[in-house]
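query.cif (mmCIF, C-alpha atoms) appears below.
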```cif
data_coords
loop_
_atom_site.label_atom_id
_atom_site.label_comp_id
_atom_site.auth_asym_id
_atom_site.auth_seq_id
_atom_site.Cartn_x
_atom_site.Cartn_y
_atom_site.Cartn_z
CA MET A 1 117.59 182.61 127.82
CA ASN A 2 117.01 179.66 125.51
CA VAL A 3 113.21 179.94 124.96
CA THR A 4 112.46 176.90 122.81
CA PRO A 5 113.57 174.22 125.33
CA SER A 6 111.62 176.06 128.06
CA ILE A 7 108.42 175.97 125.97
CA GLU A 8 108.86 172.20 125.41
CA ALA A 9 109.49 171.67 129.11
CA VAL A 10 106.36 173.57 130.07
CA GLN A 11 104.36 171.64 127.46
CA ARG A 12 105.55 168.34 128.94
CA LYS A 13 104.54 169.44 132.44
CA PHE A 14 101.17 170.68 131.25
CA GLU A 15 100.34 167.49 129.33
CA ALA A 16 101.30 165.36 132.33
CA LEU A 17 99.04 167.31 134.70
CA ARG A 18 96.12 168.61 132.60
CA ALA A 19 93.92 165.48 132.99
CA GLY A 20 93.58 166.11 136.73
CA MET A 21 93.11 169.89 136.59
CA ASN A 22 89.87 171.82 136.40
CA GLU A 23 89.65 175.39 135.12
CA ALA A 24 90.66 177.03 138.41
CA VAL A 25 93.62 174.74 139.06
CA ARG A 26 94.77 175.08 135.45
CA ARG A 27 94.97 178.89 135.48
CA ARG A 28 96.69 178.98 138.87
CA TRP A 29 99.27 176.40 137.84
CA ALA A 30 99.94 178.33 134.65
CA ALA A 31 100.23 181.57 136.66
CA ALA A 32 102.67 179.99 139.12
CA GLU A 33 104.75 178.60 136.24
CA ALA A 34 104.80 181.99 134.50
CA ARG A 35 105.84 183.77 137.72
CA SER A 36 108.70 181.32 138.25
CA LEU A 37 110.03 182.05 134.74
CA GLY A 38 110.19 185.79 135.37
CA ARG A 39 110.04 188.34 132.55
CA GLY A 40 108.26 186.94 129.50
CA GLY A 41 106.87 184.01 131.46
CA ILE A 42 103.22 184.77 130.65
CA SER A 43 103.91 184.79 126.90
CA LEU A 44 105.94 181.59 127.13
CA VAL A 45 103.34 179.67 129.16
CA ALA A 46 100.55 180.94 126.92
CA LYS A 47 102.32 179.53 123.87
CA ALA A 48 103.07 176.24 125.61
CA THR A 49 99.60 175.60 127.04
CA GLY A 50 97.23 177.52 124.80
CA LEU A 51 95.75 179.34 127.81
CA SER A 52 94.80 182.98 127.36
CA ARG A 53 96.83 185.78 128.88
CA SER A 54 93.74 187.07 130.69
CA ALA A 55 93.26 183.69 132.37
CA MET A 56 96.85 183.67 133.62
CA ARG A 57 96.63 187.27 134.82
CA ARG A 58 93.54 186.29 136.76
CA GLY A 59 95.49 183.34 138.20
CA LEU A 60 98.33 185.67 139.24
CA LYS A 61 95.85 187.97 140.94
CA GLU A 62 94.34 185.04 142.87
CA LEU A 63 97.82 183.91 143.95
CA GLU A 64 98.73 187.42 145.13
CA GLN A 65 95.46 187.83 147.05
CA GLY A 66 95.70 184.36 148.60
CA VAL A 67 92.22 183.36 147.42
CA THR A 68 91.38 179.90 148.82
CA LEU A 69 91.10 177.28 146.09
CA ASP A 70 88.08 174.94 146.18
CA ILE A 71 89.15 171.91 144.14
CA HIS A 72 85.52 170.84 143.74
CA ARG A 73 84.48 174.08 142.00
CA ALA A 74 85.89 175.63 138.84
CA ARG A 75 84.16 178.97 139.47
CA ARG A 76 83.31 181.03 142.53
CA HIS A 77 79.79 180.85 143.96
CA GLY A 78 77.45 182.74 141.68
CA GLY A 79 79.86 182.56 138.78
CA GLY A 80 79.22 181.04 135.37
CA ARG A 81 76.32 181.36 133.00
CA LYS A 82 72.93 182.13 134.50
CA LYS A 83 70.15 179.56 134.09
CA ALA A 84 67.78 180.22 131.23
CA THR A 85 64.82 180.31 133.62
CA GLU A 86 66.56 182.92 135.81
CA LYS A 87 67.19 185.25 132.86
CA ASP A 88 63.73 184.62 131.39
CA THR A 89 61.10 184.27 134.11
CA THR A 90 58.21 183.38 131.76
CA LEU A 91 60.11 180.73 129.78
CA LEU A 92 59.07 177.72 131.85
CA SER A 93 55.38 178.64 132.03
CA ASP A 94 55.22 179.24 128.25
CA LEU A 95 56.92 175.89 127.65
CA GLU A 96 54.39 174.06 129.83
CA VAL A 97 51.52 175.71 127.96
CA LEU A 98 52.92 174.35 124.68
CA VAL A 99 53.55 170.83 125.98
CA GLU A 100 50.17 170.37 127.68
CA PRO A 101 47.81 172.86 126.00
CA ALA A 102 44.60 171.11 127.09
CA THR A 103 45.46 171.25 130.78
CA ARG A 104 47.35 174.57 130.84
CA GLY A 105 44.51 176.76 129.57
CA ASP A 106 45.53 177.11 125.92
CA PRO A 107 43.46 174.69 123.80
CA MET A 108 44.28 176.69 120.65
CA SER A 109 48.06 176.26 121.00
CA PRO A 110 49.84 176.14 117.62
CA LEU A 111 51.47 172.84 118.63
CA ARG A 112 48.29 171.10 119.75
CA TRP A 113 47.96 169.26 116.44
CA THR A 114 51.60 168.65 115.56
CA CYS A 115 54.61 166.68 116.82
CA LYS A 116 55.97 168.25 120.00
CA SER A 117 59.68 167.78 119.27
CA THR A 118 62.29 169.93 121.01
CA VAL A 119 63.06 171.60 117.67
CA LYS A 120 59.44 172.69 117.14
CA LEU A 121 59.04 173.69 120.78
CA ALA A 122 62.19 175.83 120.55
CA ALA A 123 60.96 177.45 117.33
CA GLU A 124 57.57 178.30 118.85
CA LEU A 125 59.20 179.69 121.99
CA SER A 126 61.45 181.84 119.79
CA HIS A 127 58.34 183.22 118.10
CA ARG A 128 57.12 184.19 121.58
CA GLY A 129 60.30 186.14 122.28
CA HIS A 130 62.38 183.55 124.13
CA ALA A 131 65.99 182.98 123.05
CA ILE A 132 66.37 179.19 123.43
CA ASP A 133 67.77 176.22 121.55
CA PRO A 134 66.36 172.64 121.27
CA SER A 135 68.91 171.13 123.69
CA THR A 136 67.90 173.61 126.41
CA VAL A 137 64.24 172.76 125.80
CA GLY A 138 65.02 169.08 126.33
CA ARG A 139 66.91 169.81 129.53
CA LEU A 140 64.08 171.94 130.92
CA LEU A 141 61.51 169.26 130.11
CA ARG A 142 63.53 166.60 131.94
CA GLN A 143 64.06 168.89 134.94
CA THR A 144 60.31 169.52 135.24
CA GLY A 145 59.39 165.83 135.19
CA TYR A 146 58.68 165.21 131.50
CA SER A 147 60.07 162.32 129.49
CA LEU A 148 59.49 160.76 126.08
CA GLN A 149 56.43 158.52 126.40
CA SER A 150 54.67 156.13 124.05
CA ASN A 151 50.98 155.27 124.16
CA ARG A 152 49.98 152.58 126.64
CA LYS A 153 47.09 150.21 126.15
CA THR A 154 45.11 150.36 129.39
CA ARG A 155 41.53 151.25 128.42
CA GLU A 156 39.61 148.06 127.89
CA GLY A 157 36.24 149.48 126.92
CA GLY A 158 33.07 149.09 128.95
CA LYS A 159 33.43 147.35 132.28
CA HIS A 160 30.85 144.63 132.87
CA PRO A 161 29.41 144.70 136.41
CA ASP A 162 30.19 140.98 136.85
CA ARG A 163 33.70 141.23 135.48
CA ASN A 164 35.50 140.44 138.74
CA ALA A 165 32.96 137.75 139.62
CA GLN A 166 33.66 136.02 136.31
CA PHE A 167 37.41 136.12 136.93
CA GLU A 168 36.84 134.57 140.36
CA HIS A 169 34.61 131.92 138.80
CA ILE A 170 37.32 131.05 136.25
CA ASN A 171 40.05 130.91 138.92
CA ALA A 172 37.94 128.56 141.03
CA LEU A 173 37.33 126.29 138.01
CA VAL A 174 41.04 126.22 137.14
CA ARG A 175 42.00 125.26 140.69
CA ALA A 176 39.34 122.54 140.80
CA PHE A 177 40.47 121.03 137.47
CA HIS A 178 44.12 121.07 138.52
CA ARG A 179 43.31 119.38 141.83
CA ARG A 180 41.67 116.55 139.87
CA GLY A 181 44.60 116.37 137.42
CA GLU A 182 42.43 117.45 134.49
CA PRO A 183 43.79 119.63 131.66
CA VAL A 184 43.19 123.38 131.48
CA ILE A 185 44.04 125.21 128.26
CA SER A 186 43.96 128.82 127.12
CA VAL A 187 43.21 129.36 123.42
CA ASP A 188 43.51 132.31 121.06
CA ALA A 189 44.87 133.40 117.68
CA LYS A 190 47.66 135.90 117.01
CA LYS A 191 47.30 138.61 114.42
CA LYS A 192 48.05 137.70 110.81
CA GLU A 193 51.68 138.06 109.76
CA LEU A 194 53.02 138.94 106.32
CA VAL A 195 55.25 136.25 104.83
CA GLY A 196 58.23 137.46 102.82
CA ASP A 197 61.16 139.82 103.15
CA PHE A 198 59.18 142.44 105.08
CA LYS A 199 60.34 144.51 108.01
CA ASN A 200 59.65 142.94 111.39
CA ALA A 201 59.66 145.14 114.48
CA GLY A 202 62.61 144.89 116.84
CA ARG A 203 66.37 144.58 116.47
CA GLU A 204 68.79 141.68 116.19
CA TRP A 205 72.58 141.44 116.28
CA HIS A 206 74.26 141.65 112.85
CA PRO A 207 77.73 142.61 111.62
CA LYS A 208 78.10 146.38 111.87
CA ALA A 209 76.46 148.33 109.02
CA LYS A 210 75.02 145.13 107.56
CA PRO A 211 71.31 144.98 108.51
CA SER A 212 68.89 142.60 106.84
CA GLU A 213 67.53 144.30 103.73
CA VAL A 214 63.74 144.18 103.40
CA ARG A 215 61.06 145.63 101.17
CA VAL A 216 60.12 149.28 101.47
CA TYR A 217 56.36 148.67 101.06
CA ASP A 218 54.26 146.09 102.92
CA PHE A 219 52.15 144.89 100.03
CA VAL A 220 51.04 141.28 100.44
CA ASP A 221 53.11 138.81 98.42
CA LYS A 222 50.62 137.06 96.14
CA GLU A 223 52.45 133.72 96.40
CA LEU A 224 53.38 133.71 100.09
CA GLY A 225 50.40 135.66 101.44
CA LYS A 226 49.90 135.77 105.20
CA VAL A 227 49.96 133.26 108.03
CA LEU A 228 47.67 133.07 111.04
CA PRO A 229 49.13 131.45 114.18
CA CYS A 230 46.45 129.93 116.42
CA GLY A 231 47.61 128.61 119.77
CA VAL A 232 46.74 126.37 122.69
CA TYR A 233 48.53 126.97 125.97
CA ASP A 234 48.49 124.24 128.63
CA VAL A 235 48.31 126.29 131.83
CA GLY A 236 49.45 123.52 134.17
CA ALA A 237 52.24 122.06 132.03
CA ASN A 238 53.62 125.38 130.69
CA GLU A 239 53.67 124.10 127.15
CA GLY A 240 51.75 124.88 124.04
CA TRP A 241 50.83 124.06 120.47
CA VAL A 242 50.56 126.49 117.56
CA SER A 243 48.90 125.71 114.25
CA VAL A 244 50.06 128.10 111.55
CA GLY A 245 47.07 128.58 109.27
CA VAL A 246 47.07 130.10 105.81
CA THR A 247 43.41 130.97 105.23
CA HIS A 248 40.99 132.42 107.79
CA ASP A 249 40.54 132.72 111.55
CA THR A 250 37.31 130.76 111.99
CA PRO A 251 35.76 128.65 114.76
CA ALA A 252 36.59 125.58 112.69
CA PHE A 253 40.27 126.57 112.63
CA ALA A 254 40.27 127.22 116.39
CA THR A 255 38.74 123.86 117.25
CA SER A 256 41.03 122.12 114.74
CA THR A 257 43.99 123.60 116.64
CA ILE A 258 42.62 122.23 119.92
CA ARG A 259 42.13 118.84 118.28
CA THR A 260 45.73 118.81 117.00
CA TRP A 261 47.07 119.80 120.42
CA TRP A 262 45.17 116.91 121.99
CA LEU A 263 46.45 114.39 119.47
CA GLU A 264 50.07 115.62 119.48
CA MET A 265 50.57 116.61 123.13
CA GLY A 266 47.53 116.45 125.41
CA ARG A 267 46.38 112.85 124.96
CA GLU A 268 49.69 111.38 126.13
CA ARG A 269 50.09 113.77 129.07
CA TYR A 270 46.47 113.38 130.25
CA ALA A 271 45.84 109.74 129.45
CA ARG A 272 43.22 109.43 132.21
CA ALA A 273 41.44 112.71 131.55
CA LYS A 274 37.66 112.76 131.66
CA GLU A 275 37.11 116.45 131.06
CA LEU A 276 38.81 119.50 129.59
CA LEU A 277 38.54 123.18 130.55
CA ILE A 278 38.97 125.81 127.82
CA ILE A 279 39.57 129.47 128.71
CA ALA A 280 38.78 131.74 125.75
CA ASP A 281 38.08 135.37 124.92
CA SER A 282 34.56 136.66 124.46
CA GLY A 283 35.22 137.75 120.86
CA GLY A 284 36.89 136.52 117.70
CA SER A 285 36.61 133.04 116.24
CA ASN A 286 35.97 131.59 119.73
CA SER A 287 33.35 134.18 120.59
CA ALA A 288 30.79 133.38 123.26
CA ARG A 289 28.12 134.22 120.68
CA ALA A 290 29.54 132.25 117.74
CA ARG A 291 27.20 129.38 116.84
CA LEU A 292 29.80 127.57 114.76
CA TRP A 293 32.20 127.59 117.72
CA LYS A 294 29.68 125.65 119.78
CA VAL A 295 28.84 123.20 116.99
CA GLU A 296 32.52 122.46 116.40
CA LEU A 297 33.15 121.99 120.14
CA GLN A 298 30.31 119.47 120.32
CA HIS A 299 31.95 117.49 117.50
CA LEU A 300 35.27 117.74 119.34
CA ALA A 301 33.76 116.48 122.60
CA ASP A 302 32.25 113.53 120.71
CA GLU A 303 35.61 112.68 119.10
CA MET A 304 37.67 113.02 122.29
CA GLY A 305 35.06 111.41 124.55
CA LEU A 306 35.57 114.19 127.11
CA ARG A 307 33.28 116.67 128.79
CA ILE A 308 34.47 120.05 127.51
CA SER A 309 33.89 123.00 129.82
CA VAL A 310 34.26 126.49 128.40
CA SER A 311 34.66 129.74 130.30
CA HIS A 312 34.98 133.04 128.49
CA LEU A 313 36.86 136.04 129.82
CA PRO A 314 34.59 139.04 130.34
CA PRO A 315 34.24 141.39 127.35
CA GLY A 316 37.15 143.77 126.87
CA THR A 317 39.69 141.71 128.86
CA SER A 318 41.38 139.65 126.14
CA LYS A 319 44.86 140.72 127.30
CA TRP A 320 44.24 138.84 130.54
CA ASN A 321 44.19 135.56 128.66
CA LYS A 322 47.08 133.38 129.90
CA ILE A 323 48.20 132.55 126.37
CA GLU A 324 48.85 136.23 125.66
CA HIS A 325 51.48 136.85 128.33
CA ARG A 326 52.81 133.34 128.82
CA MET A 327 53.25 132.20 125.22
CA PHE A 328 52.45 134.68 122.46
CA CYS A 329 54.62 137.46 123.90
CA HIS A 330 57.64 135.12 123.93
CA ILE A 331 56.99 134.07 120.32
CA THR A 332 56.92 137.73 119.26
CA HIS A 333 60.13 138.38 121.19
CA ASN A 334 61.84 135.37 119.63
CA TRP A 335 61.31 136.53 116.04
CA ARG A 336 61.85 140.25 116.65
CA GLY A 337 63.87 141.93 113.92
CA ARG A 338 63.72 138.87 111.63
CA PRO A 339 61.93 138.93 108.30
CA LEU A 340 59.44 136.04 108.16
CA GLU A 341 60.60 135.03 104.69
CA SER A 342 58.75 131.73 104.46
CA ARG A 343 56.09 129.66 106.19
CA GLU A 344 58.76 127.20 107.29
CA ILE A 345 60.70 129.98 109.01
CA VAL A 346 57.55 131.03 110.90
CA VAL A 347 56.96 127.46 112.10
CA ASN A 348 60.60 126.98 113.12
CA LEU A 349 60.78 130.29 115.01
CA ILE A 350 57.61 129.46 116.93
CA GLY A 351 58.76 125.91 117.70
CA SER A 352 62.15 127.10 118.96
CA THR A 353 60.68 129.60 121.44
CA THR A 354 61.68 128.83 125.03
CA THR A 355 61.91 130.68 128.35
CA GLU A 356 63.96 130.32 131.52
CA LYS A 357 60.84 128.96 133.23
CA GLY A 358 60.72 126.00 130.87
CA LEU A 359 58.15 126.99 128.24
CA HIS A 360 57.98 124.36 125.49
CA ILE A 361 56.13 124.89 122.20
CA GLN A 362 55.41 122.67 119.23
CA ALA A 363 54.20 124.10 115.94
CA ALA A 364 53.09 122.89 112.53
CA LEU A 365 51.72 124.33 109.30
CA ASP A 366 47.99 123.87 108.70
CA THR A 367 47.21 124.29 104.99
CA ASP A 368 43.54 123.27 105.22
CA ASP A 369 40.94 125.70 103.96
CA TYR A 370 38.64 127.21 106.59
CA PRO A 371 35.98 129.14 104.68
CA LEU A 372 34.06 132.07 106.03
CA GLY A 373 30.31 132.50 106.15
CA ILE A 374 29.23 129.02 107.29
CA LYS A 375 25.70 129.22 108.67
CA VAL A 376 24.40 127.18 111.60
CA THR A 377 20.71 126.36 111.69
CA ASN A 378 18.44 126.45 114.70
CA HIS A 379 18.03 122.67 114.39
CA GLU A 380 21.81 122.18 114.75
CA MET A 381 21.85 124.39 117.82
CA GLU A 382 18.97 122.46 119.40
CA SER A 383 20.83 119.18 118.90
CA LEU A 384 23.79 120.29 121.02
CA ARG A 385 24.24 118.58 124.38
CA ILE A 386 25.18 121.79 126.14
CA LYS A 387 24.70 122.49 129.82
CA ARG A 388 24.84 126.14 130.81
CA ASN A 389 26.01 127.32 134.21
CA LYS A 390 23.58 129.21 136.43
CA PHE A 391 26.14 132.02 136.64
CA HIS A 392 26.28 133.68 133.23
CA GLY A 393 25.44 130.67 131.15
CA GLU A 394 26.43 132.62 128.03
CA TRP A 395 30.02 132.67 129.33
CA ASN A 396 30.18 129.34 131.18
CA TYR A 397 28.91 126.09 129.67
CA VAL A 398 29.76 122.42 129.28
CA PHE A 399 29.53 120.07 126.26
CA ILE A 400 28.57 116.50 127.09
CA PRO A 401 29.86 113.98 124.54
CA ASN A 402 27.43 111.79 122.63
CA VAL A 403 28.24 108.18 123.48
CA VAL A 404 28.04 105.85 120.47
#
```

Serialized structure, structure tokens:
Amino acid sequence: MNVTPSIEAVQRKFEALRAGMNEAVRRRWAAAEARSLGRGGISLVAKATGLSRSAMRRGLKELEQGVTLDIHRARRHGGGRKKATEKDTTLLSDLEVLVEPATRGDPMSPLRWTCKSTVKLAAELSHRGHAIDPSTVGRLLRQTGYSLQSNRKTREGGKHPDRNAQFEHINALVRAFHRRGEPVISVDAKKKELVGDFKNAGREWHPKAKPSEVRVYDFVDKELGKVLPCGVYDVGANEGWVSVGVTHDTPAFATSTIRTWWLEMGRERYARAKELLIIADSGGSNSARARLWKVELQHLADEMGLRISVSHLPPGTSKWNKIEHRMFCHITHNWRGRPLESREIVVNLIGSTTTEKGLHIQAALDTDDYPLGIKVTNHEMESLRIKRNKFHGEWNYVFIPNVV
């Protein structure tokens, strides 16, 4: 018998069929092929396919016994490797004690104060007598309802008893102003951003293996410093203004941003306006307690000739401010993964931020100096034409302009 051509023929058959064969079908086909070749067939097929002789002998036995082939299973029921938790009955409970020591009765767990990676969990389980690898740990965690989680900001601090009532009061004011066609704005400042070739969170498309190279350490560049975006979001028009400051987040800077928004965008849109509603946080430069904030708003009301109503969000609820989730979040998303290498780049990235719902933003650099520590006297406070609401007058008040 000419063996070499037969090996090549079997190889061609095997390569043509192997993609559609599981383990059971593969050994039975090989067994049938070996049987058809007669004496020496097992050796020949083994060389041609790489299958073991024991596998083909098992296939021959199954063919002789007429064992029914289930094409959906490679092994018989009960065959294959046993699950780790079946061989080791205490494995799962010990794993849960390590993952959640505070709730599983083991507050002194060795992993309570360290990173609970699958590698460290596997190592600690090995110390406890369990033979397990990191990949099996990960699989067991997923099967029992665990997943990789990051921290979530949900705790807002103390809850004021009139929190919901203040939100309802604000919503009623906003609806009333919109019915009259008067402007409603939300104001706030973003966190300071480093200017220069520093890493910015997020990812952006680049040619493969060619990421933007940035500095290793986030030390402030003495020449470029930081920028402070302060924004005004027009709730009704879905548009906003951002002044990019270079000094400090002060009440004077906040009111200057409102003034610029009015001159650049608001005055034309609301040519017949008689009043303005400002929604602000209870802390920061526009704090409900900040004296300078109120003095500056009185000056602004006098300049604009408008009654300026102010309503503060209850303490600890700054993330509910419209500007946070309707404007600032989109700005952050727009410059993700991009080093903010210059002030001009910051302004351009903010000004080019848009959304599918039509958000439009204008931005400009504000290089004026806004010093800290400006004191407001009692006499200045007494001169304010401020009318406080009966419901939490410290949160809700109106500035009446001085008519010249």

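Atom pair CA of Arg58 (chain A) / CA of Ala46 (chain A) has a distance of 13.2 Å (rounded to one decimal).
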
TODO: Select, from A:Val10, A:Val216, A:Leu292, A:Ala237, the residue with the minimum atom-to-atom distance to Lys357 (chain A), counting all atoms listed in the file.
DONE: A:Ala237

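What the PyMOL selection byres ((chain A and resi 366) around 12) matches in the given file is Val227, Leu228, Pro229, Cys230, Val242, Ser243, Val244, Gly245, Val246, Thr247, His248, Asp249, Phe253, Ala254, Ser256, Thr257, Thr260, Arg343, Glu344, Val347, Ala363, Ala364, Leu365, Thr367, Asp368, Asp369 and Tyr370 of chain A.
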
TODO: Identify all residues satisfying the PyMOL selection byres ((chain A and resi 288) around 10) in the given file; provide them as an MDAnalysis selection string.
DONE: chainID A and resid 280:287 289:291 293:294 310:315 393:397

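Between CA of Ala48 (chain A) and CA of Leu63 (chain A) the interatomic distance comes to 20.6 Å.
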
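Across the model, the gap from CA of Ile386 (chain A) to CA of Thr255 (chain A) is 16.3 Å.
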
Open item on the list: So, with only C-alpha atoms as the atoms that count, which of A:Thr49, A:Ser186, A:Asn22, A:Asn200 lies closest to Asp218 (chain A)?
Closed with: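 Ranked by minimum distance to Asp218 (chain A), first place goes to A:Asn200.
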
TODO: Give as an MDAnalysis selection string the residues that the PyMOL selection byres ((chain A and resi 342) around 12) matches when applied to the coordinates above.
DONE: chainID A and resid 193:198 221 223:227 244 246 338:341 343:349 365

Please, could you write that set of residues out with C-alpha atoms as a compact mmCIF listing (two decimals), keeping the file's coordinate frame?
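Generated file (out37.txt):
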```txt
# COMPACT_ATOMS: atom_id res chain seq x y z
CA GLU A 193 51.68 138.06 109.76
CA LEU A 194 53.02 138.94 106.32
CA VAL A 195 55.25 136.25 104.83
CA GLY A 196 58.23 137.46 102.82
CA ASP A 197 61.16 139.82 103.15
CA PHE A 198 59.18 142.44 105.08
CA ASP A 221 53.11 138.81 98.42
CA GLU A 223 52.45 133.72 96.40
CA LEU A 224 53.38 133.71 100.09
CA GLY A 225 50.40 135.66 101.44
CA LYS A 226 49.90 135.77 105.20
CA VAL A 227 49.96 133.26 108.03
CA VAL A 244 50.06 128.10 111.55
CA VAL A 246 47.07 130.10 105.81
CA ARG A 338 63.72 138.87 111.63
CA PRO A 339 61.93 138.93 108.30
CA LEU A 340 59.44 136.04 108.16
CA GLU A 341 60.60 135.03 104.69
CA ARG A 343 56.09 129.66 106.19
CA GLU A 344 58.76 127.20 107.29
CA ILE A 345 60.70 129.98 109.01
CA VAL A 346 57.55 131.03 110.90
CA VAL A 347 56.96 127.46 112.10
CA ASN A 348 60.60 126.98 113.12
CA LEU A 349 60.78 130.29 115.01
CA LEU A 365 51.72 124.33 109.30
```

Within 9 Å of (67.9, 140.1, 106.3) (file coordinates; all atoms listed in the file), which protein or nucleic acid residues are there? I'd like them as a PDB file with C-alpha atoms, in the coordinates of the input.
```pdb
ATOM      1  CA  ASP A 197      61.160 139.820 103.150  1.00  0.00           C
ATOM      2  CA  LYS A 199      60.340 144.510 108.010  1.00  0.00           C
ATOM      3  CA  LYS A 210      75.020 145.130 107.560  1.00  0.00           C
ATOM      4  CA  PRO A 211      71.310 144.980 108.510  1.00  0.00           C
ATOM      5  CA  SER A 212      68.890 142.600 106.840  1.00  0.00           C
ATOM      6  CA  GLU A 213      67.530 144.300 103.730  1.00  0.00           C
ATOM      7  CA  VAL A 214      63.740 144.180 103.400  1.00  0.00           C
ATOM      8  CA  GLY A 337      63.870 141.930 113.920  1.00  0.00           C
ATOM      9  CA  ARG A 338      63.720 138.870 111.630  1.00  0.00           C
ATOM     10  CA  PRO A 339      61.930 138.930 108.300  1.00  0.00           C
TER      11      PRO A 339
END
```

Task: Selected residue, from A:Met304, A:Val67, A:Ala201, A:Ile170, that lies nearest to Trp335 (chain A) when counting all atoms listed in the file - done: A:Ala201

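Checking A:Thr354, A:Thr68, A:Ser93, A:Thr144 one by one against Ile331 (chain A), counting only C-alpha atoms, you find the shortest gap at A:Thr354.
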
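Using all atoms listed in the file, the shortest contact distance between Lys190 (chain A) and any of A:Ser318, A:Gln166, A:Ser126, A:Ser117 is found at A:Ser318.
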
TODO: Using all atoms listed in the file, pick whichever of A:Arg336, A:Lys222, A:His330, A:Arg272 has the shortest atom-to-atom distance to Gly305 (chain A).
DONE: A:Arg272

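Close contacts of region 131-142 of chain A, defined as residues with an atom at most 6 Å away when counting only C-alpha atoms, with chain neighbours fewer than 6 positions off set aside, comprise Thr118, Val119 and Ala122 of chain A.
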
All heavy atoms modelled onto region 247-252 of chain A, as an mmCIF file, keeping the file's coordinate frame:
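The result, stored in result_11.cif:
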```cif
data_model
loop_
_atom_site.group_PDB
_atom_site.id
_atom_site.type_symbol
_atom_site.label_atom_id
_atom_site.label_comp_id
_atom_site.auth_asym_id
_atom_site.auth_seq_id
_atom_site.Cartn_x
_atom_site.Cartn_y
_atom_site.Cartn_z
ATOM 1 N N THR A 247 44.641 130.439 105.814
ATOM 2 C CA THR A 247 43.410 130.970 105.230
ATOM 3 C C THR A 247 42.728 131.959 106.165
ATOM 4 O O THR A 247 43.056 133.138 106.162
ATOM 5 C CB THR A 247 42.452 129.828 104.851
ATOM 6 O OG1 THR A 247 42.183 129.021 106.012
ATOM 7 C CG2 THR A 247 43.038 128.964 103.759
ATOM 8 N N HIS A 248 41.782 131.498 106.980
ATOM 9 C CA HIS A 248 40.990 132.420 107.790
ATOM 10 C C HIS A 248 40.929 131.988 109.245
ATOM 11 O O HIS A 248 41.044 130.795 109.554
ATOM 12 C CB HIS A 248 39.559 132.516 107.236
ATOM 13 C CG HIS A 248 39.488 132.902 105.791
ATOM 14 N ND1 HIS A 248 39.803 134.150 105.339
ATOM 15 C CD2 HIS A 248 39.150 132.163 104.690
ATOM 16 C CE1 HIS A 248 39.666 134.186 104.020
ATOM 17 N NE2 HIS A 248 39.272 133.005 103.608
ATOM 18 N N ASP A 249 40.728 132.984 110.117
ATOM 19 C CA ASP A 249 40.540 132.720 111.550
ATOM 20 C C ASP A 249 39.059 132.443 111.781
ATOM 21 O O ASP A 249 38.246 133.361 111.903
ATOM 22 C CB ASP A 249 40.992 133.943 112.355
ATOM 23 C CG ASP A 249 40.815 133.747 113.849
ATOM 24 O OD1 ASP A 249 40.663 132.580 114.278
ATOM 25 O OD2 ASP A 249 40.817 134.756 114.586
ATOM 26 N N THR A 250 38.703 131.174 111.828
ATOM 27 C CA THR A 250 37.310 130.760 111.990
ATOM 28 C C THR A 250 37.185 129.834 113.187
ATOM 29 O O THR A 250 38.185 129.287 113.680
ATOM 30 C CB THR A 250 36.814 130.025 110.733
ATOM 31 O OG1 THR A 250 37.504 128.763 110.637
ATOM 32 C CG2 THR A 250 37.066 130.849 109.472
ATOM 33 N N PRO A 251 35.959 129.614 113.672
ATOM 34 C CA PRO A 251 35.760 128.650 114.760
ATOM 35 C C PRO A 251 36.254 127.250 114.391
ATOM 36 O O PRO A 251 36.760 126.527 115.257
ATOM 37 C CB PRO A 251 34.247 128.670 114.975
ATOM 38 C CG PRO A 251 33.837 130.034 114.553
ATOM 39 C CD PRO A 251 34.716 130.362 113.384
ATOM 40 N N ALA A 252 36.119 126.893 113.117
ATOM 41 C CA ALA A 252 36.590 125.580 112.690
ATOM 42 C C ALA A 252 38.106 125.473 112.828
ATOM 43 O O ALA A 252 38.636 124.426 113.232
ATOM 44 C CB ALA A 252 36.156 125.321 111.243
#
```
